[in-house]
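Trainee: Just one file: upload.cif, with mmCIF, C-alpha atoms.
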data_structure
#
loop_
_atom_site.label_atom_id
_atom_site.label_comp_id
_atom_site.auth_asym_id
_atom_site.auth_seq_id
_atom_site.Cartn_x
_atom_site.Cartn_y
_atom_site.Cartn_z
CA MET D 1 5.28 6.45 -3.89
CA TRP D 2 6.92 8.65 -6.54
CA ASN D 3 3.77 8.55 -8.61
CA LYS D 4 1.78 10.27 -5.84
CA ILE D 5 4.48 12.88 -5.24
CA ILE D 6 4.79 13.66 -8.95
CA ARG D 7 1.03 14.15 -9.27
CA LEU D 8 0.90 16.51 -6.29
CA ALA D 9 3.96 18.45 -7.49
CA LEU D 10 2.50 18.77 -10.98
CA THR D 11 -0.80 19.99 -9.54
CA THR D 12 1.04 22.59 -7.45
CA LEU D 13 3.08 23.82 -10.44
CA ILE D 14 0.04 24.11 -12.71
CA PHE D 15 -1.92 25.92 -10.01
CA ALA D 16 0.99 28.34 -9.42
CA TRP D 17 1.12 28.98 -13.16
CA ALA D 18 -2.64 29.67 -13.09
CA VAL D 19 -2.19 32.19 -10.28
CA TRP D 20 0.57 33.88 -12.29
CA GLN D 21 -1.75 34.04 -15.32
CA PHE D 22 -4.45 35.67 -13.17
CA ILE D 23 -1.94 38.25 -11.90
CA GLU D 24 -0.84 39.01 -15.47
CA GLY D 25 -4.46 39.60 -16.46
CA ASN D 26 -4.91 36.48 -18.59
CA ILE D 27 -8.13 35.34 -16.95
CA GLY D 28 -9.02 32.76 -19.63
CA ASN D 29 -5.63 31.07 -19.40
CA GLY D 30 -5.84 31.09 -15.61
CA ILE D 31 -9.26 29.43 -15.60
CA MET D 32 -8.09 26.78 -18.04
CA LEU D 33 -5.00 26.07 -15.93
CA VAL D 34 -7.09 25.80 -12.75
CA LEU D 35 -9.28 23.22 -14.50
CA LEU D 36 -6.17 21.35 -15.67
CA ALA D 37 -4.76 21.39 -12.13
CA GLY D 38 -8.08 20.02 -10.88
CA LEU D 39 -7.93 17.21 -13.43
CA VAL D 40 -4.41 16.24 -12.36
CA LEU D 41 -5.50 16.38 -8.71
CA LEU D 42 -8.47 14.14 -9.54
CA THR D 43 -6.09 11.46 -10.82
CA TYR D 44 -4.43 11.53 -7.40
CA PHE D 45 -7.69 10.46 -5.75
CA ARG D 46 -9.06 8.32 -8.58
CA ASN D 47 -6.52 6.10 -10.26
CA GLU D 48 -7.25 5.85 -13.96
CA ASN D 49 -6.31 2.17 -14.15
CA ILE D 50 -8.81 1.29 -11.41
CA LEU D 51 -11.53 3.25 -13.22
CA LEU D 52 -10.63 1.43 -16.44
CA ALA D 53 -10.78 -1.93 -14.65
CA PHE D 54 -14.27 -1.10 -13.31
CA TRP D 55 -15.35 -0.21 -16.84
CA HIS D 56 -14.03 -3.55 -18.18
CA LEU D 57 -15.80 -5.43 -15.38
CA ARG D 58 -19.03 -3.68 -16.28
CA LYS D 59 -18.57 -4.90 -19.86
CA ASN D 60 -17.80 -8.40 -18.45
CA ASN D 61 -14.29 -8.29 -19.91
CA MET D 62 -12.21 -9.97 -17.19
CA ALA D 63 -9.05 -10.05 -19.30
CA GLY D 64 -9.19 -6.30 -19.92
CA ALA D 65 -9.84 -5.60 -16.23
CA GLU D 66 -6.91 -7.78 -15.21
CA LYS D 67 -4.67 -6.07 -17.77
CA ALA D 68 -5.66 -2.63 -16.42
CA LEU D 69 -4.95 -3.68 -12.82
CA ASN D 70 -1.62 -5.24 -13.75
CA ARG D 71 -0.47 -1.86 -15.06
CA ILE D 72 -0.34 -0.66 -11.45
CA LYS D 73 3.13 -1.55 -10.25
CA ASN D 74 3.61 -1.95 -6.50
CA PRO D 75 0.07 -0.93 -5.46
CA GLU D 76 0.84 -0.80 -1.71
CA GLN D 77 3.13 2.20 -2.25
CA SER D 78 1.65 3.82 -5.35
CA LEU D 79 -2.02 3.95 -4.27
CA ILE D 80 -3.69 5.79 -1.43
CA LYS D 81 -5.64 3.74 1.13
CA SER D 82 -9.07 3.96 -0.49
CA GLN D 83 -7.67 3.16 -3.94
CA LEU D 84 -5.81 0.18 -2.47
CA ALA D 85 -9.06 -1.17 -1.01
CA TYR D 86 -10.70 -1.05 -4.45
CA TRP D 87 -7.60 -2.60 -6.04
CA TYR D 88 -7.93 -5.53 -3.61
CA MET D 89 -11.66 -5.80 -4.33
CA LEU D 90 -11.15 -5.84 -8.10
CA GLN D 91 -8.35 -8.40 -7.82
CA GLY D 92 -10.62 -10.55 -5.65
CA MET D 93 -13.44 -10.37 -8.19
CA ILE D 94 -11.11 -11.30 -11.03
CA GLN D 95 -9.43 -14.10 -9.08
CA SER D 96 -12.83 -15.53 -8.09
CA GLN D 97 -13.22 -16.61 -11.71
CA THR D 98 -10.15 -18.87 -11.50
CA GLY D 99 -8.98 -19.57 -7.94
CA ILE D 100 -11.13 -18.93 -4.90
CA GLY D 101 -8.29 -19.13 -2.38
CA LYS D 102 -6.55 -16.01 -3.61
CA ALA D 103 -9.89 -14.28 -4.20
CA GLU D 104 -10.89 -14.76 -0.57
CA SER D 105 -7.68 -13.21 0.73
CA TYR D 106 -7.98 -10.22 -1.63
CA LEU D 107 -11.62 -9.59 -0.65
CA ARG D 108 -10.81 -9.81 3.07
CA LYS D 109 -7.95 -7.33 2.56
CA ALA D 110 -10.35 -5.00 0.73
CA LEU D 111 -12.79 -5.06 3.64
CA SER D 112 -10.08 -4.55 6.24
CA THR D 113 -8.42 -1.74 4.24
CA GLY D 114 -11.73 0.08 4.04
CA LEU D 115 -14.14 0.24 1.13
CA ARG D 116 -15.89 3.61 1.18
CA MET D 117 -19.40 2.79 0.01
CA LYS D 118 -21.75 0.38 1.76
CA THR D 119 -22.81 -1.14 -1.54
CA ASP D 120 -19.18 -1.98 -2.30
CA GLN D 121 -18.82 -3.57 1.13
CA ALA D 122 -22.00 -5.54 0.47
CA MET D 123 -20.66 -6.71 -2.90
CA ALA D 124 -17.39 -7.87 -1.35
CA LYS D 125 -19.24 -9.73 1.42
CA LEU D 126 -21.54 -11.30 -1.16
CA GLN D 127 -18.50 -12.58 -3.06
CA LEU D 128 -17.07 -13.92 0.23
CA ALA D 129 -20.39 -15.67 0.96
CA GLY D 130 -20.21 -17.36 -2.44
CA ILE D 131 -16.66 -18.49 -1.69
CA ALA D 132 -17.74 -19.76 1.74
CA ILE D 133 -20.49 -21.83 0.08
CA ALA D 134 -17.98 -23.24 -2.39
CA LYS D 135 -15.79 -24.25 0.56
CA ARG D 136 -18.83 -25.71 2.40
CA ARG D 137 -18.76 -23.19 5.26
CA LYS D 138 -22.50 -22.68 5.62
CA ARG D 139 -22.47 -20.83 8.95
CA GLU D 140 -19.95 -18.25 7.74
CA ALA D 141 -22.00 -17.74 4.56
CA MET D 142 -25.14 -17.11 6.62
CA VAL D 143 -23.35 -14.45 8.70
CA LEU D 144 -21.99 -12.79 5.56
CA LEU D 145 -25.41 -12.79 3.90
CA ALA D 146 -26.93 -11.15 6.98
CA ASP D 147 -24.28 -8.43 6.69
CA VAL D 148 -25.08 -8.05 2.99
CA LYS D 149 -28.76 -7.47 3.79
CA LYS D 150 -27.83 -4.79 6.34
CA LEU D 151 -25.45 -3.01 3.96
CA ASP D 152 -27.62 -3.27 0.83
CA THR D 153 -30.23 -0.65 1.68
CA ARG D 154 -31.46 -0.28 -1.90
CA GLY D 155 -32.00 -3.99 -2.46
CA MET D 156 -29.77 -4.16 -5.53
CA LEU D 157 -28.28 -7.51 -4.51
CA ASN D 158 -31.51 -9.30 -3.56
CA ASP D 159 -31.42 -11.66 -6.56
CA GLN D 160 -27.83 -12.70 -5.85
CA VAL D 161 -28.63 -13.25 -2.16
CA LYS D 162 -31.55 -15.50 -3.17
CA MET D 163 -29.27 -17.48 -5.49
CA ILE D 164 -26.70 -18.05 -2.73
CA LYS D 165 -29.45 -19.06 -0.28
CA ALA D 166 -30.68 -21.60 -2.84
CA GLN D 167 -27.14 -22.97 -3.08
CA MET D 168 -26.98 -23.17 0.73
CA LYS D 169 -30.00 -25.46 0.76
CA ARG D 170 -28.12 -27.98 -1.38
CA ILE D 171 -25.31 -28.30 1.18
#
Please express what this file holds, its structure, as structure tokens.

Mentor:
Amino acid sequence: MWNKIIRLALTTLIFAWAVWQFIEGNIGNGIMLVLLAGLVLLTYFRNENILLAFWHLRKNNMAGAEKALNRIKNPEQSLIKSQLAYWYMLQGMIQSQTGIGKAESYLRKALSTGLRMKTDQAMAKLQLAGIAIAKRRKREAMVLLADVKKLDTRGMLNDQVKMIKAQMKRI
């Protein structure tokens, strides 16, 4: 909670300083301060630890991603709604490597909180379909895979969908 307020207050102060610099005739300083205020405001909407966790996941470094997410203390109060959805999604992806029970609850919370992009929703539902297969819930997995096909308009997850369908045949 305080983290969000501090970021907004800092942005306001830097922007006010920029306006004062413009009034004084220091145009270069004012432009630089406006850019700095924009950078601080960007960290309000994009949490740096979540971005770092995504980067670690891209490098397939689960320990680094988990470490970055664990730096966020009390995420329900310190993150805005969209950031919280991605925090849940990342936690679900990390937990799916060890325990699928916790991963399923995190991924469901991510979907209910509201992931912004359809590809992210498709990825979360694909993970849930894999968990449903592991728990031998074939019908639920089929429904989730149908949702994945609807959400994945670019076809980026076609290979993973085929792999899960092949696993469904074994059950």

Trainee: From the set D:Leu90, D:Met117, D:Ala18, D:Ile131, which residue has the shortest atom-to-atom contact distance to Leu36 of chain D, counting only C-alpha atoms?

Mentor: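 Of D:Leu90, D:Met117, D:Ala18, D:Ile131, the one nearest Leu36 of chain D, counting only C-alpha atoms, is D:Ala18.
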
Trainee: Give me, please, the distance in Å between atom CA of Asn61 of chain D and atom CA of Gln97 of chain D, quoted to one decimal.

Mentor: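 Atom-to-atom, atom CA of Asn61 of chain D to atom CA of Gln97 of chain D, that is 11.7 Å.
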
Trainee: Nearest residue to Thr98 of chain D out of D:Ile27, D:Leu144, D:Met62, D:Ile5, using only C-alpha atoms?

Mentor: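 Selected residue with least distance to Thr98 of chain D: D:Met62.
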
Trainee: Given the file shown, enumerate the residues that the PyMOL selection byres ((chain D and resi 15) around 9) captures and present them as a list in words.

Mentor: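 Selection result, ordered by chain and number: Leu10, Thr11, Thr12, Leu13, Ile14, Ala16, Trp17, Ala18, Val19, Trp20, Gly30, Leu33, Val34, Leu36, Ala37 and Gly38 of chain D.
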
Trainee: With C-alpha atoms retained, write the just-selected residues as a PDB file, in the coordinates of the input.

Mentor:
ATOM      1  CA  LEU D  10       2.500  18.770 -10.980  1.00  0.00           C
ATOM      2  CA  THR D  11      -0.800  19.990  -9.540  1.00  0.00           C
ATOM      3  CA  THR D  12       1.040  22.590  -7.450  1.00  0.00           C
ATOM      4  CA  LEU D  13       3.080  23.820 -10.440  1.00  0.00           C
ATOM      5  CA  ILE D  14       0.040  24.110 -12.710  1.00  0.00           C
ATOM      6  CA  ALA D  16       0.990  28.340  -9.420  1.00  0.00           C
ATOM      7  CA  TRP D  17       1.120  28.980 -13.160  1.00  0.00           C
ATOM      8  CA  ALA D  18      -2.640  29.670 -13.090  1.00  0.00           C
ATOM      9  CA  VAL D  19      -2.190  32.190 -10.280  1.00  0.00           C
ATOM     10  CA  TRP D  20       0.570  33.880 -12.290  1.00  0.00           C
ATOM     11  CA  GLY D  30      -5.840  31.090 -15.610  1.00  0.00           C
ATOM     12  CA  LEU D  33      -5.000  26.070 -15.930  1.00  0.00           C
ATOM     13  CA  VAL D  34      -7.090  25.800 -12.750  1.00  0.00           C
ATOM     14  CA  LEU D  36      -6.170  21.350 -15.670  1.00  0.00           C
ATOM     15  CA  ALA D  37      -4.760  21.390 -12.130  1.00  0.00           C
ATOM     16  CA  GLY D  38      -8.080  20.020 -10.880  1.00  0.00           C
TER      17      GLY D  38
END

Trainee: Taking a cut-off of 7 Å and counting all atoms listed in the file, can you build a table that, for each residue of segment 105-140 of chain D near segment 73-85 of chain D, reports the nearest atom pair and how far apart they are in Å (one decimal), sorted by chain then residue number, as a tab-separated table?

Mentor:
residue	atom	partner	partner_atom	distance
D:Ala110	CA	D:Ala85	CA	4.4
D:Thr113	CA	D:Ala85	CA	5.3
D:Gly114	CA	D:Ala85	CA	5.8
D:Leu115	CA	D:Ala85	CA	5.7

Trainee: Using all atoms listed in the file, which of the listed residues (D:Met32, D:Ala166, D:Leu126, D:Gln91) sits closest to Leu151 of chain D?

Mentor: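 When distances to Leu151 of chain D are compared using all atoms listed in the file, the smallest one comes from D:Leu126.
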
Trainee: Atom CA of Gln95 of chain D and atom CA of Ala146 of chain D, how far apart in Å?

Mentor: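 Computed distance, atom CA of Ala146 of chain D to atom CA of Gln95 of chain D, equals 23.9 Å.
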
Trainee: With all atoms listed in the file as the basis for distance, which of D:Ile31, D:Ile94, D:Ala122, D:Asn26 is at the shortest distance from His56 of chain D?

Mentor: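 The closest residue to His56 of chain D is D:Ile94.
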
Trainee: Evaluate the PyMOL selection byres ((chain D and resi 136-139) around 12) and record the selected residues as a PyMOL selection string, following the chain and residue labels used in the document.

Mentor: chain D and resi 128-135+140-146+164-171

Trainee: Mind pulling up the distance from atom CA of Leu8 of chain D to atom CA of Leu39 of chain D?

Mentor: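 Separating atom CA of Leu39 of chain D from atom CA of Leu8 of chain D is a distance of 11.4 Å.
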
Trainee: So what does the PyMOL selection byres ((chain D and resi 149) around 12) actually pick up in this one, as a ChimeraX atom specification?

Mentor: /D:118-119,121-123,125-126,142-148,150-162

Trainee: Can I get the selected residues back with C-alpha atoms, as a compact mmCIF listing (two decimals), keeping the file's coordinate frame?

Mentor:
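selection.txt was written with the following content:
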# COMPACT_ATOMS: atom_id res chain seq x y z
CA LYS D 118 -21.75 0.38 1.76
CA THR D 119 -22.81 -1.14 -1.54
CA GLN D 121 -18.82 -3.57 1.13
CA ALA D 122 -22.00 -5.54 0.47
CA MET D 123 -20.66 -6.71 -2.90
CA LYS D 125 -19.24 -9.73 1.42
CA LEU D 126 -21.54 -11.30 -1.16
CA MET D 142 -25.14 -17.11 6.62
CA VAL D 143 -23.35 -14.45 8.70
CA LEU D 144 -21.99 -12.79 5.56
CA LEU D 145 -25.41 -12.79 3.90
CA ALA D 146 -26.93 -11.15 6.98
CA ASP D 147 -24.28 -8.43 6.69
CA VAL D 148 -25.08 -8.05 2.99
CA LYS D 150 -27.83 -4.79 6.34
CA LEU D 151 -25.45 -3.01 3.96
CA ASP D 152 -27.62 -3.27 0.83
CA THR D 153 -30.23 -0.65 1.68
CA ARG D 154 -31.46 -0.28 -1.90
CA GLY D 155 -32.00 -3.99 -2.46
CA MET D 156 -29.77 -4.16 -5.53
CA LEU D 157 -28.28 -7.51 -4.51
CA ASN D 158 -31.51 -9.30 -3.56
CA ASP D 159 -31.42 -11.66 -6.56
CA GLN D 160 -27.83 -12.70 -5.85
CA VAL D 161 -28.63 -13.25 -2.16
CA LYS D 162 -31.55 -15.50 -3.17

Trainee: Find the spatial neighbours of Leu51 of chain D, counting all atoms listed in the file, within a cut-off of 10 Å - ignore same-chain residues fewer than 6 positions away - and output them as a VMD selection string.

Mentor: chain D and resid 57 65 68 to 69 86

Trainee: Have a look at D:Gln127, D:Asn70, D:Lys4, D:Gly92 and name the one nearest to Tyr44 of chain D; count all atoms listed in the file.

Mentor: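 Ranked by minimum distance to Tyr44 of chain D, first place goes to D:Lys4.
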
Trainee: Considering all atoms listed in the file, state which residue in the set D:Ile6, D:Ile50, D:Leu35, D:Met93 is at the smallest distance from Ser105 of chain D.

Mentor: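 Closest residue, counting all atoms listed in the file: D:Met93.
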
Trainee: Build an axis-aligned box that encloses every atom of segment 40-55 of chain D listed in the file, pad it by 8 Å on each side, and report its centre and edge lengths in Å to one decimal, as JSON.

Mentor:
{"center_x": -9.9, "center_y": 7.2, "center_z": -11.3, "size_x": 26.9, "size_y": 34.3, "size_z": 27.1}
